[in-house]
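Have a look at upload_15.txt below; it lists compact mmCIF, C-alpha atoms.
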# COMPACT_ATOMS: atom_id res chain seq x y z
CA MET E 103 -24.92 -62.05 161.86
CA LEU E 104 -27.90 -62.12 164.14
CA PRO E 105 -31.12 -62.57 162.19
CA LEU E 106 -33.16 -60.75 164.87
CA VAL E 107 -35.79 -58.40 163.54
CA VAL E 108 -38.32 -57.20 166.07
CA ALA E 109 -40.96 -56.13 163.57
CA CYS E 110 -41.45 -55.64 159.85
CA SER E 111 -44.36 -54.02 158.19
CA PRO E 112 -45.15 -52.78 154.71
CA GLY E 113 -46.79 -49.40 154.32
CA HIS E 114 -45.58 -48.28 157.76
CA PRO E 115 -46.25 -44.50 157.72
CA ASP E 116 -49.26 -44.77 155.43
CA SER E 117 -50.97 -47.51 157.39
CA ASN E 118 -53.24 -47.17 160.39
CA LYS E 119 -51.13 -47.06 163.57
CA ALA E 120 -53.44 -49.60 165.23
CA SER E 121 -52.86 -52.24 162.57
CA LYS E 122 -50.74 -55.29 163.33
CA PRO E 123 -47.20 -55.44 161.92
CA ALA E 124 -46.77 -57.83 159.01
CA ALA E 125 -44.77 -61.02 159.29
CA PRO E 126 -40.96 -60.56 159.13
CA GLY E 127 -39.66 -60.04 155.63
CA LYS E 128 -43.11 -59.43 154.15
CA SER E 129 -43.61 -56.57 151.74
CA GLU E 130 -46.36 -55.57 149.37
CA PRO E 131 -46.48 -53.77 146.03
CA ALA E 132 -46.75 -50.01 146.40
CA THR E 133 -49.38 -47.90 144.77
CA PRO E 134 -47.53 -46.43 141.76
CA THR E 135 -48.96 -42.94 142.29
CA ARG E 136 -47.84 -42.83 145.93
CA GLU E 137 -44.33 -44.27 145.96
CA SER E 138 -41.23 -43.84 143.85
CA VAL E 139 -38.04 -45.78 144.46
CA LYS E 140 -36.14 -42.49 143.97
CA ILE E 141 -37.65 -41.08 147.16
CA PRO E 142 -36.61 -42.68 150.50
CA PRO E 143 -39.44 -44.10 152.63
CA GLU E 144 -41.03 -41.80 155.22
CA LEU E 145 -41.15 -42.53 158.93
CA ASP E 146 -44.21 -41.79 161.01
CA GLY E 147 -44.45 -38.63 163.12
CA THR E 148 -43.17 -40.32 166.31
CA GLU E 149 -39.93 -41.55 164.72
CA THR E 150 -36.74 -39.59 164.03
CA VAL E 151 -34.49 -39.85 160.98
CA ALA E 152 -30.89 -40.98 161.61
CA GLY E 153 -29.85 -41.39 157.95
CA ARG E 154 -31.25 -41.37 154.43
CA GLN E 155 -30.26 -42.49 150.92
CA SER E 156 -32.14 -41.44 147.77
CA GLY E 157 -32.56 -43.73 144.75
CA THR E 158 -29.41 -45.80 144.13
CA ARG E 159 -28.24 -48.76 142.05
CA GLY E 160 -25.69 -51.31 143.22
CA GLY E 161 -24.00 -51.47 146.61
CA ARG E 162 -23.45 -48.64 149.05
CA THR E 163 -22.53 -48.10 152.68
CA LEU E 164 -24.02 -45.21 154.63
CA GLU E 165 -23.66 -43.97 158.16
CA TYR E 166 -26.41 -43.34 160.66
CA ARG E 167 -26.36 -41.12 163.75
CA ARG E 168 -26.25 -42.16 167.38
CA GLY E 169 -29.66 -42.50 169.01
CA GLN E 170 -31.28 -42.37 172.40
CA LYS E 171 -30.86 -45.44 174.59
CA GLY E 172 -34.07 -47.48 174.69
CA LYS E 173 -35.15 -46.58 171.14
CA ASP E 174 -35.23 -49.20 168.39
CA LEU E 175 -33.40 -48.83 165.09
CA ILE E 176 -35.68 -48.65 162.04
CA VAL E 177 -34.46 -49.53 158.56
CA ALA E 178 -36.99 -48.73 155.84
CA VAL E 179 -36.05 -49.92 152.35
CA ARG E 180 -37.84 -49.25 149.07
CA CYS E 181 -36.77 -51.23 146.00
CA GLN E 182 -37.68 -52.02 142.41
CA GLY E 183 -36.11 -54.36 139.86
CA LYS E 184 -35.45 -58.05 139.59
CA GLY E 185 -33.12 -59.36 142.27
CA GLU E 186 -32.32 -59.56 145.95
CA ILE E 187 -30.56 -57.01 148.08
CA LYS E 188 -28.75 -57.74 151.32
CA VAL E 189 -28.78 -55.22 154.14
CA SER E 190 -26.20 -55.43 156.97
CA LEU E 191 -26.07 -53.24 160.08
CA SER E 192 -22.91 -52.52 162.07
CA PRO E 193 -21.96 -52.52 164.88
CA VAL E 194 -25.02 -54.59 165.90
CA LYS E 195 -24.31 -57.37 163.37
CA VAL E 196 -27.90 -57.67 162.15
CA GLY E 197 -28.77 -58.34 158.53
CA PHE E 198 -31.63 -59.30 156.27
CA PRO E 199 -32.29 -59.99 152.58
CA LEU E 200 -35.06 -58.34 150.56
CA LYS E 201 -36.50 -59.62 147.29
CA CYS E 202 -37.23 -56.90 144.77
CA VAL E 203 -39.62 -57.27 141.86
CA ASP E 204 -39.27 -55.96 138.32
CA GLY E 205 -41.95 -53.37 137.55
CA GLU E 206 -43.12 -53.02 141.18
CA VAL E 207 -42.01 -50.69 143.96
CA THR E 208 -42.00 -52.46 147.33
CA THR E 209 -41.30 -50.93 150.73
CA THR E 210 -40.33 -52.87 153.84
CA TYR E 211 -39.87 -51.51 157.38
CA ASN E 212 -37.61 -53.44 159.75
CA GLN E 213 -37.46 -52.48 163.42
CA VAL E 214 -34.49 -53.82 165.37
CA GLY E 215 -34.25 -53.78 169.16
CA VAL E 216 -31.00 -55.41 170.26
CA THR E 217 -28.21 -54.27 172.55
CA GLY E 218 -26.16 -51.54 170.93
CA VAL E 219 -28.72 -50.11 168.48
CA GLU E 220 -28.33 -46.69 170.13
CA LYS E 221 -24.72 -46.46 168.89
CA LYS E 222 -23.85 -44.73 165.64
CA GLY E 223 -23.10 -47.16 162.86
CA THR E 224 -23.32 -48.09 159.21
CA VAL E 225 -25.78 -49.81 156.93
CA SER E 226 -24.24 -51.72 154.02
CA VAL E 227 -26.34 -52.71 151.03
CA GLN E 228 -25.27 -55.28 148.47
CA ALA E 229 -27.45 -55.05 145.38
CA PRO E 230 -27.23 -56.08 141.74
CA SER E 231 -27.29 -53.31 139.12
CA THR E 232 -30.76 -54.53 138.09
CA VAL E 233 -32.24 -53.22 141.37
CA ARG E 234 -32.88 -49.60 142.32
CA TRP E 235 -33.36 -48.85 146.01
CA SER E 236 -33.67 -46.04 148.57
CA MET E 237 -33.51 -46.16 152.35
CA THR E 238 -34.38 -44.29 155.54
CA ILE E 239 -32.77 -45.18 158.88
CA GLY E 240 -34.56 -43.97 161.97
CA ARG E 241 -35.22 -44.35 165.67
CA GLY E 242 -38.51 -45.18 167.34
CA GLU E 243 -40.28 -46.76 170.27
CA ALA E 244 -40.40 -50.55 170.51
CA PRO E 245 -43.75 -52.06 169.44
CA GLU E 246 -46.13 -52.92 172.27
CA GLY E 247 -45.49 -56.40 173.61
CA ALA E 248 -41.92 -56.56 172.23
CA GLY E 249 -39.08 -57.57 174.47
Target format structure tokens, applied to this file:
Amino acid sequence: MLPLVVACSPGHPDSNKASKPAAPGKSEPATPTRESVKIPPELDGTETVAGRQSGTRGGRTLEYRRGQKGKDLIVAVRCQGKGEIKVSLSPVKVGFPLKCVDGEVTTTYNQVGVTGVEKKGTVSVQAPSTVRWSMTIGRGEAPEGAG
């Protein structure tokens, strides 16, 4: 697996577009009144949805649609519960772990820009039964200065 993640940022669609992306793998607690782990994360208005999974426990594999060449792949994950989930993307062979916290909803946006992200593929999630999660897969422009 390639551990390449172009950008990660918590609060992606709710944050100011001019703000800097957070460090890779960083997430922050969500405001309880604004986010529920049952509802998949939203993308911003410039990004398109390629796949979505509502609140789930345990592992699951889901497909995402083919995208336009030159667009990055976005994987937005929301989770709650004690444990770590592992997310793997095929066919690009990219993966990342996410720590989830009991009693807190956290949302992390990962933007991947490697060869082949325009192809249709699958996202596999390995998660313990103690963790609930939801996910949105999308397509978007590469961040300024990337590449």
- Query: What gap, in Å, lies between atom CA of Pro193 of chain E and atom CA of Lys221 of chain E?
  - Reply: 7.8 Å
- Query: Near segment 144-160 of chain E, within 7 Å and counting all atoms listed in the file, which residues show up once chain neighbours fewer than 4 positions away are dropped, as a PyMOL selection string?
  - Reply: chain E and resi 115+139-140+165-167+228-231+233-242
- Message: Nearest residue to Arg162 of chain E out of E:Ser138, E:Gln182, E:Val189, E:Val207, using only C-alpha atoms?
- Response: E:Val189
- Task: Would you work out the distance separating atom CA of Lys201 of chain E from atom CA of Val216 of chain E, expressed in Å to one decimal?
- Result: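 Computing it gives 24.0 Å between the two atoms.
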- Message: For a test of reading the model, state the distance in Å between atom CA of Lys173 of chain E and atom CA of Glu186 of chain E, rounded to one decimal.
- Response: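 So the two atoms, atom CA of Lys173 of chain E and atom CA of Glu186 of chain E, lie 28.5 Å apart.
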- Query: From the list E:Leu200, E:Val194, E:Ala178, E:Leu164, which residue is nearest Ile141 of chain E when using only C-alpha atoms?
  - Reply: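 With only C-alpha atoms as the atom set, the closest residue is E:Ala178.
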- Item | Among listed residues E:Cys202, E:Ser192, E:Thr163, E:Glu243, nearest Val219 of chain E (using only C-alpha atoms) | E:Ser192
- Query: Smallest atom-to-atom distance to Gly218 of chain E: which of E:Leu191, E:Ala244, E:Val203, E:Val179, using all atoms listed in the file?
  - Reply: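 Answer, going by the shortest atom-to-atom distance: E:Leu191.
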- Task: For each of E:Thr210, E:Gly161, E:Val227, E:Gln170, take the minimum atom-to-atom distance to Gly197 of chain E, counting all atoms listed in the file, then give the residue where this is smallest.
- Result: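 Ranking E:Thr210, E:Gly161, E:Val227, E:Gln170 by distance to Gly197 of chain E, first place goes to E:Val227.
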- Residue nearest Gly223 of chain E among E:Lys195, E:Gly172, E:Glu206, E:Tyr211 (counting only C-alpha atoms): E:Lys195
Since the input has fewer atoms than a full residue there, write segment 174-185 of chain E out with all heavy atoms, as an mmCIF file, in the coordinates of the input.
data_model
loop_
_atom_site.group_PDB
_atom_site.id
_atom_site.type_symbol
_atom_site.label_atom_id
_atom_site.label_comp_id
_atom_site.auth_asym_id
_atom_site.auth_seq_id
_atom_site.Cartn_x
_atom_site.Cartn_y
_atom_site.Cartn_z
ATOM 1 N N ASP E 174 -35.581 -48.208 169.405
ATOM 2 C CA ASP E 174 -35.230 -49.200 168.390
ATOM 3 C C ASP E 174 -34.650 -48.513 167.161
ATOM 4 O O ASP E 174 -34.883 -47.331 166.921
ATOM 5 C CB ASP E 174 -36.461 -49.997 167.973
ATOM 6 C CG ASP E 174 -36.875 -51.038 169.002
ATOM 7 O OD1 ASP E 174 -36.181 -51.209 170.022
ATOM 8 O OD2 ASP E 174 -37.912 -51.688 168.770
ATOM 9 N N LEU E 175 -33.928 -49.284 166.371
ATOM 10 C CA LEU E 175 -33.400 -48.830 165.090
ATOM 11 C C LEU E 175 -34.386 -49.267 164.013
ATOM 12 O O LEU E 175 -34.823 -50.422 163.999
ATOM 13 C CB LEU E 175 -32.028 -49.437 164.842
ATOM 14 C CG LEU E 175 -31.267 -48.949 163.622
ATOM 15 C CD1 LEU E 175 -30.914 -47.477 163.768
ATOM 16 C CD2 LEU E 175 -30.001 -49.774 163.442
ATOM 17 N N ILE E 176 -34.746 -48.357 163.121
ATOM 18 C CA ILE E 176 -35.680 -48.650 162.040
ATOM 19 C C ILE E 176 -34.931 -48.539 160.726
ATOM 20 O O ILE E 176 -34.231 -47.555 160.492
ATOM 21 C CB ILE E 176 -36.862 -47.661 162.062
ATOM 22 C CG1 ILE E 176 -37.621 -47.797 163.375
ATOM 23 C CG2 ILE E 176 -37.783 -47.885 160.857
ATOM 24 C CD1 ILE E 176 -38.511 -46.638 163.703
ATOM 25 N N VAL E 177 -35.068 -49.556 159.883
ATOM 26 C CA VAL E 177 -34.460 -49.530 158.560
ATOM 27 C C VAL E 177 -35.585 -49.747 157.554
ATOM 28 O O VAL E 177 -36.153 -50.833 157.463
ATOM 29 C CB VAL E 177 -33.375 -50.627 158.412
ATOM 30 C CG1 VAL E 177 -32.744 -50.553 157.035
ATOM 31 C CG2 VAL E 177 -32.319 -50.499 159.500
ATOM 32 N N ALA E 178 -35.914 -48.687 156.831
ATOM 33 C CA ALA E 178 -36.990 -48.730 155.840
ATOM 34 C C ALA E 178 -36.348 -48.729 154.459
ATOM 35 O O ALA E 178 -35.582 -47.830 154.130
ATOM 36 C CB ALA E 178 -37.896 -47.524 156.009
ATOM 37 N N VAL E 179 -36.653 -49.759 153.663
ATOM 38 C CA VAL E 179 -36.050 -49.920 152.350
ATOM 39 C C VAL E 179 -37.141 -49.983 151.288
ATOM 40 O O VAL E 179 -38.117 -50.706 151.441
ATOM 41 C CB VAL E 179 -35.195 -51.204 152.278
ATOM 42 C CG1 VAL E 179 -34.526 -51.332 150.914
ATOM 43 C CG2 VAL E 179 -34.166 -51.247 153.391
ATOM 44 N N ARG E 180 -36.944 -49.228 150.223
ATOM 45 C CA ARG E 180 -37.840 -49.250 149.070
ATOM 46 C C ARG E 180 -37.027 -49.750 147.893
ATOM 47 O O ARG E 180 -35.913 -49.280 147.673
ATOM 48 C CB ARG E 180 -38.353 -47.838 148.823
ATOM 49 C CG ARG E 180 -39.330 -47.706 147.707
ATOM 50 C CD ARG E 180 -39.955 -46.325 147.698
ATOM 51 N NE ARG E 180 -40.908 -46.250 148.809
ATOM 52 C CZ ARG E 180 -41.253 -45.129 149.423
ATOM 53 N NH1 ARG E 180 -40.729 -43.986 149.077
ATOM 54 N NH2 ARG E 180 -42.129 -45.160 150.401
ATOM 55 N N CYS E 181 -37.544 -50.718 147.133
ATOM 56 C CA CYS E 181 -36.770 -51.230 146.000
ATOM 57 C C CYS E 181 -37.661 -51.579 144.814
ATOM 58 O O CYS E 181 -38.867 -51.778 144.958
ATOM 59 C CB CYS E 181 -35.920 -52.430 146.400
ATOM 60 S SG CYS E 181 -36.812 -53.930 146.841
ATOM 61 N N GLN E 182 -37.003 -51.648 143.643
ATOM 62 C CA GLN E 182 -37.680 -52.020 142.410
ATOM 63 C C GLN E 182 -36.639 -52.625 141.477
ATOM 64 O O GLN E 182 -35.498 -52.150 141.403
ATOM 65 C CB GLN E 182 -38.288 -50.794 141.742
ATOM 66 C CG GLN E 182 -38.995 -51.097 140.442
ATOM 67 C CD GLN E 182 -39.585 -49.844 139.822
ATOM 68 O OE1 GLN E 182 -39.133 -48.737 140.067
ATOM 69 N NE2 GLN E 182 -40.623 -50.024 139.016
ATOM 70 N N GLY E 183 -37.015 -53.679 140.790
ATOM 71 C CA GLY E 183 -36.110 -54.360 139.860
ATOM 72 C C GLY E 183 -35.958 -55.808 140.264
ATOM 73 O O GLY E 183 -36.183 -56.181 141.407
ATOM 74 N N LYS E 184 -35.554 -56.628 139.324
ATOM 75 C CA LYS E 184 -35.450 -58.050 139.590
ATOM 76 C C LYS E 184 -34.147 -58.364 140.323
ATOM 77 O O LYS E 184 -33.059 -58.077 139.831
ATOM 78 C CB LYS E 184 -35.487 -58.837 138.277
ATOM 79 C CG LYS E 184 -35.537 -60.327 138.481
ATOM 80 C CD LYS E 184 -35.690 -61.050 137.179
ATOM 81 C CE LYS E 184 -35.767 -62.551 137.437
ATOM 82 N NZ LYS E 184 -35.940 -63.281 136.197
ATOM 83 N N GLY E 185 -34.292 -58.957 141.517
ATOM 84 C CA GLY E 185 -33.120 -59.360 142.270
ATOM 85 C C GLY E 185 -33.329 -59.253 143.772
ATOM 86 O O GLY E 185 -34.393 -58.878 144.249
#
